[in-house]
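Q: My structure is in data_11.pdb, and what it holds is PDB, C-alpha atoms:
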```
MODEL        1
ATOM      1  CA  MET J  16       0.000   0.000   0.000
ATOM      2  CA  SER J  17       1.446   3.396  -1.015
ATOM      3  CA  ALA J  18       1.975   6.091   1.579
ATOM      4  CA  SER J  19      -0.503   8.948   1.754
ATOM      5  CA  PRO J  20       0.602  12.597   1.473
ATOM      6  CA  ALA J  21      -0.014  13.009   5.207
ATOM      7  CA  GLU J  22       2.212  10.026   6.016
ATOM      8  CA  ILE J  23       4.934  11.436   3.776
ATOM      9  CA  ALA J  24       4.495  14.730   5.661
ATOM     10  CA  ALA J  25       4.974  12.891   8.968
ATOM     11  CA  LEU J  26       8.196  11.308   7.739
ATOM     12  CA  GLY J  27       9.339  14.697   6.442
ATOM     13  CA  THR J  28       8.619  16.178   9.867
ATOM     14  CA  SER J  29      10.924  13.647  11.463
ATOM     15  CA  MET J  30      13.721  14.561   9.055
ATOM     16  CA  LEU J  31      13.202  18.284   9.632
ATOM     17  CA  TRP J  32      13.283  17.851  13.405
ATOM     18  CA  ALA J  33      16.497  15.848  13.174
ATOM     19  CA  LEU J  34      18.105  18.785  11.345
ATOM     20  CA  THR J  35      16.605  21.165  13.914
ATOM     21  CA  TYR J  36      18.124  19.255  16.845
ATOM     22  CA  VAL J  37      21.565  19.482  15.257
ATOM     23  CA  GLN J  38      21.342  23.197  14.448
ATOM     24  CA  PHE J  39      19.974  24.182  17.850
ATOM     25  CA  THR J  40      22.543  22.006  19.631
ATOM     26  CA  ILE J  41      25.259  24.082  17.950
ATOM     27  CA  ALA J  42      23.423  27.393  18.436
ATOM     28  CA  VAL J  43      22.526  26.932  22.113
ATOM     29  CA  ARG J  44      26.208  26.595  23.055
ATOM     30  CA  ARG J  45      26.928  30.024  21.553
ATOM     31  CA  VAL J  46      23.700  31.933  22.172
ATOM     32  CA  GLY J  47      22.329  30.382  25.367
ATOM     33  CA  PRO J  48      18.943  28.686  25.954
ATOM     34  CA  SER J  49      16.749  31.718  26.731
ATOM     35  CA  PRO J  50      18.037  34.093  24.013
ATOM     36  CA  LEU J  51      17.889  31.270  21.473
ATOM     37  CA  ASN J  52      14.271  30.553  22.388
ATOM     38  CA  ARG J  53      13.354  34.210  21.808
ATOM     39  CA  PHE J  54      15.318  34.811  18.625
ATOM     40  CA  ARG J  55      14.261  31.677  16.781
ATOM     41  CA  LEU J  56      10.566  32.384  17.522
ATOM     42  CA  VAL J  57      10.844  35.868  15.998
ATOM     43  CA  LEU J  58      12.477  34.428  12.890
ATOM     44  CA  ALA J  59       9.936  31.614  12.619
ATOM     45  CA  LEU J  60       7.070  34.099  12.998
ATOM     46  CA  LEU J  61       8.472  36.233  10.172
ATOM     47  CA  PHE J  62       8.748  33.143   7.952
ATOM     48  CA  LEU J  63       5.172  32.152   8.784
ATOM     49  CA  LEU J  64       3.675  35.611   8.216
ATOM     50  CA  CYS J  65       5.305  35.778   4.783
ATOM     51  CA  ALA J  66       4.117  32.275   3.878
ATOM     52  CA  HIS J  67       0.586  32.957   5.142
ATOM     53  CA  THR J  68       0.417  36.174   3.118
ATOM     54  CA  VAL J  69       1.465  34.338  -0.036
ATOM     55  CA  VAL J  70      -0.992  31.470   0.489
ATOM     56  CA  PHE J  71      -4.012  33.249   1.975
ATOM     57  CA  GLY J  72      -3.510  36.912   1.025
ATOM     58  CA  GLY J  73      -2.904  38.177   4.554
ATOM     59  CA  PRO J  74      -0.481  37.591   7.438
ATOM     60  CA  PHE J  75      -3.077  36.483  10.020
ATOM     61  CA  PRO J  76      -6.162  34.210   9.978
ATOM     62  CA  VAL J  77      -8.435  37.052  11.095
ATOM     63  CA  ASP J  78     -11.585  35.033  10.428
ATOM     64  CA  ALA J  79     -10.709  32.344  12.981
ATOM     65  CA  GLU J  80     -13.336  31.875  15.682
ATOM     66  CA  PRO J  81     -12.523  33.096  19.226
ATOM     67  CA  TRP J  82     -12.657  29.564  20.655
ATOM     68  CA  ARG J  83     -10.149  28.441  18.041
ATOM     69  CA  TRP J  84      -7.814  31.302  18.948
ATOM     70  CA  GLY J  85      -8.059  30.175  22.565
ATOM     71  CA  TRP J  86      -7.056  26.559  21.902
ATOM     72  CA  LEU J  87      -4.230  27.465  19.532
ATOM     73  CA  ILE J  88      -2.832  30.278  21.674
ATOM     74  CA  LEU J  89      -2.710  27.942  24.661
ATOM     75  CA  SER J  90      -1.108  25.192  22.585
ATOM     76  CA  GLY J  91       1.481  27.659  21.258
ATOM     77  CA  VAL J  92       2.510  28.879  24.709
ATOM     78  CA  ILE J  93       2.755  25.348  26.078
ATOM     79  CA  GLY J  94       4.236  23.705  23.000
ATOM     80  CA  PHE J  95       6.778  26.324  21.961
ATOM     81  CA  ALA J  96       7.436  28.831  24.748
ATOM     82  CA  ILE J  97       7.494  26.324  27.623
ATOM     83  CA  SER J  98       8.376  23.063  25.890
ATOM     84  CA  ASP J  99      11.229  24.481  23.854
ATOM     85  CA  ALA J 100      12.664  26.320  26.851
ATOM     86  CA  PHE J 101      13.022  22.857  28.411
ATOM     87  CA  LEU J 102      14.215  21.360  25.120
ATOM     88  CA  PHE J 103      17.100  23.810  24.692
ATOM     89  CA  ARG J 104      18.378  23.051  28.172
ATOM     90  CA  GLY J 105      18.148  19.375  27.385
ATOM     91  CA  LEU J 106      20.225  19.947  24.245
ATOM     92  CA  LEU J 107      22.724  21.996  26.228
ATOM     93  CA  TYR J 108      23.263  19.275  28.862
ATOM     94  CA  LEU J 109      22.757  16.084  26.816
ATOM     95  CA  GLY J 110      23.383  16.854  23.139
ATOM     96  CA  ALA J 111      21.261  16.091  20.093
ATOM     97  CA  GLN J 112      21.021  12.289  20.022
ATOM     98  CA  PRO J 113      20.032  11.506  23.650
ATOM     99  CA  THR J 114      17.632  14.461  23.728
ATOM    100  CA  ALA J 115      15.953  13.299  20.534
ATOM    101  CA  LEU J 116      15.575   9.805  21.965
ATOM    102  CA  ILE J 117      13.846  11.171  25.051
ATOM    103  CA  MET J 118      11.624  13.295  22.823
ATOM    104  CA  SER J 119      10.511  10.102  21.082
ATOM    105  CA  LEU J 120       8.461   9.522  24.228
ATOM    106  CA  ILE J 121       5.966  12.112  22.978
ATOM    107  CA  PRO J 122       3.586   9.540  21.406
ATOM    108  CA  VAL J 123       3.638   7.497  24.626
ATOM    109  CA  SER J 124       3.109  10.595  26.755
ATOM    110  CA  SER J 125       0.263  11.697  24.488
ATOM    111  CA  ALA J 126      -1.440   8.331  24.893
ATOM    112  CA  LEU J 127      -1.199   8.611  28.680
ATOM    113  CA  MET J 128      -2.536  12.170  28.667
ATOM    114  CA  ALA J 129      -5.413  11.169  26.393
ATOM    115  CA  TRP J 130      -6.213   8.371  28.831
ATOM    116  CA  ILE J 131      -6.295  10.847  31.741
ATOM    117  CA  ALA J 132      -8.099  13.662  29.906
ATOM    118  CA  PHE J 133     -10.474  11.726  27.673
ATOM    119  CA  GLY J 134     -10.754   8.353  29.390
ATOM    120  CA  GLU J 135      -9.071   6.430  26.571
ATOM    121  CA  ARG J 136      -8.112   3.026  27.985
ATOM    122  CA  LEU J 137      -4.584   1.681  27.866
ATOM    123  CA  HIS J 138      -4.412  -1.983  26.938
ATOM    124  CA  PHE J 139      -1.726  -4.444  28.009
ATOM    125  CA  ILE J 140       0.114  -4.213  24.696
ATOM    126  CA  GLU J 141       0.261  -0.401  25.054
ATOM    127  CA  ILE J 142       1.774  -0.674  28.527
ATOM    128  CA  VAL J 143       4.374  -3.135  27.219
ATOM    129  CA  ALA J 144       5.149  -0.754  24.338
ATOM    130  CA  GLY J 145       5.673   2.127  26.735
ATOM    131  CA  LEU J 146       8.070   0.103  28.875
ATOM    132  CA  LEU J 147       9.942  -0.999  25.754
ATOM    133  CA  THR J 148      10.348   2.615  24.626
ATOM    134  CA  VAL J 149      11.528   3.797  28.047
ATOM    135  CA  SER J 150      14.047   0.938  28.178
ATOM    136  CA  GLY J 151      15.449   1.901  24.780
ATOM    137  CA  ILE J 152      15.803   5.544  25.777
ATOM    138  CA  ALA J 153      17.497   4.604  29.058
ATOM    139  CA  LEU J 154      19.950   2.425  27.151
ATOM    140  CA  VAL J 155      20.911   5.247  24.776
ATOM    141  CA  VAL J 156      21.222   7.880  27.504
ATOM    142  CA  SER J 157      23.350   5.495  29.582
ATOM    143  CA  THR J 158      25.925   5.276  26.784
ATOM    144  CA  ARG J 159      27.244   8.706  27.693
ATOM    145  CA  ARG J 160      30.323   8.529  29.887
ATOM    146  CA  VAL J 161      29.670  10.943  32.707
ATOM    147  CA  GLY J 162      32.350   9.990  35.240
ATOM    148  CA  PRO J 163      32.540  12.868  37.724
ATOM    149  CA  LYS J 164      29.586  13.681  39.909
ATOM    150  CA  ALA J 165      29.146  17.113  38.317
ATOM    151  CA  ALA J 166      28.920  15.553  34.857
ATOM    152  CA  ALA J 167      26.393  12.989  36.095
ATOM    153  CA  ARG J 168      24.318  15.841  37.463
ATOM    154  CA  ARG J 169      24.323  17.526  34.032
ATOM    155  CA  VAL J 170      23.006  14.346  32.441
ATOM    156  CA  GLY J 171      20.295  14.111  35.094
ATOM    157  CA  LEU J 172      19.297  17.728  34.546
ATOM    158  CA  GLY J 173      19.305  17.233  30.791
ATOM    159  CA  ALA J 174      17.037  14.191  31.077
ATOM    160  CA  ALA J 175      14.666  16.052  33.416
ATOM    161  CA  PHE J 176      14.413  19.072  31.114
ATOM    162  CA  SER J 177      13.889  16.830  28.094
ATOM    163  CA  LEU J 178      11.087  14.947  29.863
ATOM    164  CA  GLY J 179       9.468  18.288  30.684
ATOM    165  CA  ALA J 180       9.594  19.107  26.973
ATOM    166  CA  VAL J 181       7.932  15.752  26.213
ATOM    167  CA  VAL J 182       4.984  16.470  28.509
ATOM    168  CA  ALA J 183       4.550  20.005  27.164
ATOM    169  CA  GLN J 184       4.682  18.842  23.539
ATOM    170  CA  SER J 185       2.062  16.197  24.277
ATOM    171  CA  GLY J 186      -0.124  18.963  25.664
ATOM    172  CA  ARG J 187       0.440  20.966  22.484
ATOM    173  CA  TYR J 188      -0.630  18.000  20.401
ATOM    174  CA  LEU J 189      -3.905  17.507  22.277
ATOM    175  CA  LEU J 190      -4.705  21.227  22.217
ATOM    176  CA  SER J 191      -3.808  21.509  18.515
ATOM    177  CA  VAL J 192      -6.273  18.772  17.600
ATOM    178  CA  ASN J 193      -9.042  20.765  19.292
ATOM    179  CA  GLY J 194      -7.914  23.994  17.645
ATOM    180  CA  MET J 195      -7.904  22.532  14.124
ATOM    181  CA  ARG J 196     -11.358  20.940  14.364
ATOM    182  CA  GLY J 197     -13.488  21.534  11.300
ATOM    183  CA  GLY J 198     -10.657  21.618   8.756
ATOM    184  CA  PHE J 199      -8.790  24.723   9.943
ATOM    185  CA  PRO J 200      -5.603  25.141   7.810
ATOM    186  CA  PRO J 201      -2.423  23.856   9.523
ATOM    187  CA  LEU J 202      -0.437  26.897   8.323
ATOM    188  CA  SER J 203      -2.954  29.241   9.945
ATOM    189  CA  ALA J 204      -2.898  27.156  13.115
ATOM    190  CA  ASN J 205       0.879  27.412  13.283
ATOM    191  CA  VAL J 206       0.757  31.200  12.801
ATOM    192  CA  LEU J 207      -1.449  31.511  15.888
ATOM    193  CA  GLN J 208       0.725  29.115  17.879
ATOM    194  CA  ILE J 209       4.035  30.791  17.072
ATOM    195  CA  LEU J 210       2.548  34.276  17.511
ATOM    196  CA  SER J 211       1.328  33.432  21.017
ATOM    197  CA  ALA J 212       4.624  31.762  21.950
ATOM    198  CA  THR J 213       6.626  34.758  20.677
ATOM    199  CA  VAL J 214       4.546  37.221  22.685
ATOM    200  CA  ALA J 215       4.836  35.026  25.789
ATOM    201  CA  VAL J 216       8.629  34.600  25.783
ATOM    202  CA  TRP J 217       9.313  38.271  25.033
ATOM    203  CA  PHE J 218       6.822  39.404  27.696
ATOM    204  CA  VAL J 219       8.606  37.263  30.281
ATOM    205  CA  ALA J 220      11.958  38.593  29.084
ATOM    206  CA  LEU J 221      10.722  42.178  29.492
ATOM    207  CA  LEU J 222       9.486  41.475  33.019
ATOM    208  CA  ARG J 223      12.883  39.996  33.915
ATOM    209  CA  GLY J 224      14.822  42.796  32.237
ATOM    210  CA  GLU J 225      16.427  40.382  29.760
ATOM    211  CA  ALA J 226      14.859  41.512  26.494
ATOM    212  CA  GLY J 227      18.062  43.148  25.303
ATOM    213  CA  SER J 228      20.396  40.374  26.366
ATOM    214  CA  GLY J 229      22.006  37.956  23.970
ATOM    215  CA  PHE J 230      21.965  40.109  20.818
ATOM    216  CA  HIS J 231      25.747  40.416  20.789
ATOM    217  CA  ARG J 232      26.056  36.623  20.654
ATOM    218  CA  LEU J 233      24.348  36.558  17.275
ATOM    219  CA  ARG J 234      27.293  38.436  15.791
ATOM    220  CA  HIS J 235      29.049  35.099  15.559
ATOM    221  CA  PRO J 236      28.358  33.816  12.028
ATOM    222  CA  VAL J 237      27.840  30.211  13.168
ATOM    223  CA  ALA J 238      25.360  31.281  15.848
ATOM    224  CA  THR J 239      23.403  33.372  13.341
ATOM    225  CA  VAL J 240      23.265  30.669  10.671
ATOM    226  CA  MET J 241      22.338  27.878  13.095
ATOM    227  CA  THR J 242      19.646  29.957  14.809
ATOM    228  CA  ALA J 243      18.088  30.973  11.492
ATOM    229  CA  GLY J 244      18.397  27.470  10.067
ATOM    230  CA  GLY J 245      16.835  25.900  13.140
ATOM    231  CA  ALA J 246      13.976  28.400  13.056
ATOM    232  CA  LEU J 247      13.378  27.480   9.412
ATOM    233  CA  THR J 248      13.410  23.690   9.834
ATOM    234  CA  GLY J 249      11.790  23.651  13.292
ATOM    235  CA  PRO J 250       8.949  25.997  14.297
ATOM    236  CA  PHE J 251       8.313  27.098  10.692
ATOM    237  CA  LEU J 252       8.561  24.046   8.424
ATOM    238  CA  GLY J 253       8.676  21.212  10.959
ATOM    239  CA  ALA J 254       5.735  22.375  13.063
ATOM    240  CA  THR J 255       3.610  23.254  10.029
ATOM    241  CA  VAL J 256       4.287  19.936   8.307
ATOM    242  CA  SER J 257       3.543  18.088  11.565
ATOM    243  CA  LEU J 258       0.120  19.733  11.691
ATOM    244  CA  ILE J 259      -0.467  18.676   8.076
ATOM    245  CA  ALA J 260       0.394  15.107   9.065
ATOM    246  CA  LEU J 261      -1.846  15.140  12.127
ATOM    247  CA  SER J 262      -4.757  16.601  10.209
ATOM    248  CA  GLY J 263      -4.598  14.064   7.382
ATOM    249  CA  ALA J 264      -3.303  10.769   8.774
ATOM    250  CA  ARG J 265      -4.343   8.464  11.571
ATOM    251  CA  VAL J 266      -2.788   9.605  14.821
ATOM    252  CA  GLY J 267      -0.907   6.332  15.346
ATOM    253  CA  ILE J 268       0.725   6.336  11.922
ATOM    254  CA  ALA J 269       1.648  10.038  12.053
ATOM    255  CA  SER J 270       3.001   9.865  15.601
ATOM    256  CA  THR J 271       5.133   6.834  14.845
ATOM    257  CA  LEU J 272       6.670   8.368  11.725
ATOM    258  CA  MET J 273       7.323  11.666  13.515
ATOM    259  CA  ALA J 274       9.158   9.796  16.275
ATOM    260  CA  LEU J 275      11.878   8.612  13.897
ATOM    261  CA  SER J 276      14.185  11.627  14.376
ATOM    262  CA  PRO J 277      16.681   9.639  16.502
ATOM    263  CA  VAL J 278      17.195   7.202  13.628
ATOM    264  CA  PHE J 279      18.067  10.053  11.263
ATOM    265  CA  LEU J 280      20.238  11.626  13.950
ATOM    266  CA  LEU J 281      22.546   8.631  14.379
ATOM    267  CA  PRO J 282      24.514   9.208  11.142
ATOM    268  CA  ILE J 283      24.196  13.017  11.410
ATOM    269  CA  SER J 284      25.628  13.043  14.946
ATOM    270  CA  ARG J 285      28.414  10.756  13.814
ATOM    271  CA  LEU J 286      29.278  13.075  10.931
ATOM    272  CA  ILE J 287      28.957  16.463  12.675
ATOM    273  CA  PHE J 288      29.646  15.813  16.364
ATOM    274  CA  LYS J 289      31.919  12.782  15.831
ATOM    275  CA  GLU J 290      29.763  10.790  18.246
ATOM    276  CA  PRO J 291      30.410   7.045  17.838
ATOM    277  CA  ILE J 292      27.466   4.827  16.936
ATOM    278  CA  THR J 293      27.842   2.241  19.682
ATOM    279  CA  TRP J 294      25.960  -1.013  19.819
ATOM    280  CA  ARG J 295      24.061   0.293  22.848
ATOM    281  CA  ALA J 296      22.975   3.408  20.951
ATOM    282  CA  SER J 297      21.889   1.307  17.994
ATOM    283  CA  VAL J 298      19.998  -1.237  20.098
ATOM    284  CA  GLY J 299      18.461   1.490  22.253
ATOM    285  CA  THR J 300      17.277   3.388  19.214
ATOM    286  CA  GLY J 301      15.755   0.219  17.800
ATOM    287  CA  LEU J 302      13.989  -0.555  21.074
ATOM    288  CA  ALA J 303      12.628   2.972  21.432
ATOM    289  CA  ILE J 304      11.261   3.175  17.918
ATOM    290  CA  SER J 305       9.920  -0.389  18.111
ATOM    291  CA  GLY J 306       8.084   0.533  21.292
ATOM    292  CA  VAL J 307       6.475   3.548  19.677
ATOM    293  CA  ALA J 308       5.525   1.467  16.639
ATOM    294  CA  LEU J 309       4.086  -1.288  18.823
ATOM    295  CA  LEU J 310       2.064   1.216  20.832
ATOM    296  CA  PHE J 311       0.263   2.611  17.820
ATOM    297  CA  LEU J 312       0.455  -0.165  15.241
ATOM    298  CA  GLY J 313       0.205  -3.255  17.380
TER     299      GLY J 313
ENDMDL
END
```
Take the structure from the file and write it as structure tokens.
A:
Amino acid sequence: MSASPAEIAALGTSMLWALTYVQFTIAVRRVGPSPLNRFRLVLALLFLLCAHTVVFGGPFPVDAEPWRWGWLILSGVIGFAISDAFLFRGLLYLGAQPTALIMSLIPVSSALMAWIAFGERLHFIEIVAGLLTVSGIALVVSTRRVGPKAAARRVGLGAAFSLGAVVAQSGRYLLSVNGMRGGFPPLSANVLQILSATVAVWFVALLRGEAGSGFHRLRHPVATVMTAGGALTGPFLGATVSLIALSGARVGIASTLMALSPVFLLPISRLIFKEPITWRASVGTGLAISGVALLFLG
């Protein structure tokens, strides 16, 4: 059976997010987590406003119903402002590959949240799949040699921040589904999400007196290119294509395909960061992805 356009979009999302992890891993070490979160949202919003104007003739979906604005604004704040603040700290402490593996828990986390929020029952096979995925992630994260106590603490912090990003992204997914009910365009939905996230992070920065901080770090050419590139492949293209996938494919198929970023990251991390592909990383990746596949396809 041939893949549908939505399933191809889900696979494309996974590839885009793999590139995003790499670019933001490089950028966060030069710019810092908070400034990077603010700058990339501004860039992504500019990309989205231009694209929305070309496609729909105006920068904003002004005809969207108030209830839809509410769902999508909330999903944007949770899924981009809060989740990505956690994500960047995970990248800073762990690096691209382990962080991406932890982020592959999003489908499992979403299933648990749907069970709590909507009463969707978890069957035995789904519980087994979740345990399989967690085991795979633990195996990959444990491949990092941490040695000193301070280094072990960084890995622990990185894992905690990454898990916080998982929960927040799952919340974004559930809220986005509500916000796009009735065939609302994914591009318009992403405009509202990124707009709300941008306003939120800059408002917090103003309250903390940090709005002007970090600009000098963007003078470094690598920091500028990686921040702009990550904004392009992540909150602009990646998030929009993910909404296309979720609006046109079955949730299980789309979620599984979008969880494949760690697989794409193995050779990329080897090439760019010179990280060895150990047998534990390979087996852990296989276990994690198999668990996600079993959860939704079993």
Q: Just checking: using all atoms listed in the file, which residue out of J:Ser228, J:Ser19, J:Ser150, J:Thr255 ends up closest to Leu207 in chain J?
A: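 Closest residue, counting all atoms listed in the file: J:Thr255.
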Q: Range 51-74 of chain J near range 99-116 of chain J within 10 Å: what's each residue's closest atom pair and its distance in Å to one decimal, counting all atoms listed in the file, ordered by chain then ascending residue number, as CSV?
A:
```
residue,atom,partner,partner_atom,distance
J:Leu51,CA,J:Phe103,CA,8.2
J:Asn52,CA,J:Ala100,CA,6.4
J:Arg53,CA,J:Ala100,CA,9.4
```
Q: Taking into account all atoms listed in the file, which residue in the set J:Phe39, J:Phe279, J:Phe62, J:Phe230 is nearest to Leu202 in chain J?
A: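 So, comparing all the options, the nearest one is J:Phe62.
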Q: For range 67-73 of chain J, find every residue with an atom within 10 Å (counting all atoms listed in the file), except residues of its own chain fewer than 6 positions away, and show them as a ChimeraX atom specification.
A: /J:61,202-203,205-206
Q: Let me see the file: selected residues, C-alpha atoms, as an mmCIF file, in the coordinates of the input.
A:
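Output below, filename out20.cif:
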```
data_model
loop_
_atom_site.group_PDB
_atom_site.id
_atom_site.type_symbol
_atom_site.label_atom_id
_atom_site.label_comp_id
_atom_site.auth_asym_id
_atom_site.auth_seq_id
_atom_site.Cartn_x
_atom_site.Cartn_y
_atom_site.Cartn_z
ATOM 1 C CA LEU J 61 8.472 36.233 10.172
ATOM 2 C CA LEU J 202 -0.437 26.897 8.323
ATOM 3 C CA SER J 203 -2.954 29.241 9.945
ATOM 4 C CA ASN J 205 0.879 27.412 13.283
ATOM 5 C CA VAL J 206 0.757 31.200 12.801
#
```
Q: Provide the CA of Ala132 in chain J to CA of Ser191 in chain J distance in Å, to one decimal place.
A: 14.5 Å
Q: Run the PyMOL selection byres ((chain J and resi 180-186) around 10) against the file shown and list the residues it catches, as an MDAnalysis selection string.
A: chainID J and resid 89:105 114 117:129 174:179 187:191
Q: With C-alpha atoms retained, export the selected residues as a short mmCIF file (atom, residue, chain, number, x, y, z; two decimals), in the frame of the given file.
A:
```
data_model
loop_
_atom_site.label_atom_id
_atom_site.label_comp_id
_atom_site.auth_asym_id
_atom_site.auth_seq_id
_atom_site.Cartn_x
_atom_site.Cartn_y
_atom_site.Cartn_z
CA LEU J 89 -2.71 27.94 24.66
CA SER J 90 -1.11 25.19 22.58
CA GLY J 91 1.48 27.66 21.26
CA VAL J 92 2.51 28.88 24.71
CA ILE J 93 2.76 25.35 26.08
CA GLY J 94 4.24 23.70 23.00
CA PHE J 95 6.78 26.32 21.96
CA ALA J 96 7.44 28.83 24.75
CA ILE J 97 7.49 26.32 27.62
CA SER J 98 8.38 23.06 25.89
CA ASP J 99 11.23 24.48 23.85
CA ALA J 100 12.66 26.32 26.85
CA PHE J 101 13.02 22.86 28.41
CA LEU J 102 14.22 21.36 25.12
CA PHE J 103 17.10 23.81 24.69
CA ARG J 104 18.38 23.05 28.17
CA GLY J 105 18.15 19.38 27.38
CA THR J 114 17.63 14.46 23.73
CA ILE J 117 13.85 11.17 25.05
CA MET J 118 11.62 13.30 22.82
CA SER J 119 10.51 10.10 21.08
CA LEU J 120 8.46 9.52 24.23
CA ILE J 121 5.97 12.11 22.98
CA PRO J 122 3.59 9.54 21.41
CA VAL J 123 3.64 7.50 24.63
CA SER J 124 3.11 10.60 26.76
CA SER J 125 0.26 11.70 24.49
CA ALA J 126 -1.44 8.33 24.89
CA LEU J 127 -1.20 8.61 28.68
CA MET J 128 -2.54 12.17 28.67
CA ALA J 129 -5.41 11.17 26.39
CA ALA J 174 17.04 14.19 31.08
CA ALA J 175 14.67 16.05 33.42
CA PHE J 176 14.41 19.07 31.11
CA SER J 177 13.89 16.83 28.09
CA LEU J 178 11.09 14.95 29.86
CA GLY J 179 9.47 18.29 30.68
CA ARG J 187 0.44 20.97 22.48
CA TYR J 188 -0.63 18.00 20.40
CA LEU J 189 -3.90 17.51 22.28
CA LEU J 190 -4.70 21.23 22.22
CA SER J 191 -3.81 21.51 18.52
#
```
Q: Run through the PyMOL selection byres ((chain J and resi 272) around 8) on the given coordinates and return the selected residues as a ChimeraX atom specification.
A: /J:22,25-26,29,268-271,273-275
Q: Counting all atoms listed in the file, figure out which residue out of J:Leu172, J:Leu147, J:Val192, J:Cys65 gets nearest to Arg83 in chain J.
A: J:Val192
Q: Could you spell out the hits of the PyMOL selection byres ((chain J and resi 298) around 12) on the shown file, as an NGL selection string?
A: :J and (147-148 or 150-156 or 158 or 277-278 or 281 or 292-297 or 299-305)
Q: Write out as a ChimeraX atom specification the residues lying within 8 Å of Leu34 in chain J, counting all atoms listed in the file and excluding same-chain residues fewer than 5 positions away.
A: /J:245,248,280
Q: If I take CA of Pro201 in chain J and CA of Leu60 in chain J, how far is one from the other in Å, to one decimal?
A: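 So the two atoms, CA of Pro201 in chain J and CA of Leu60 in chain J, lie 14.4 Å apart.
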Q: Excluding His231 in chain J and any residue of its chain fewer than 6 positions from it, enumerate the residues within 12 Å of it, using only C-alpha atoms, and give them as a PyMOL selection string.
A: chain J and resi 45-47+50+238-239
Q: In Å, with one decimal, what is the gap from CA of Ala264 in chain J to CA of Leu252 in chain J?
A: 17.8 Å
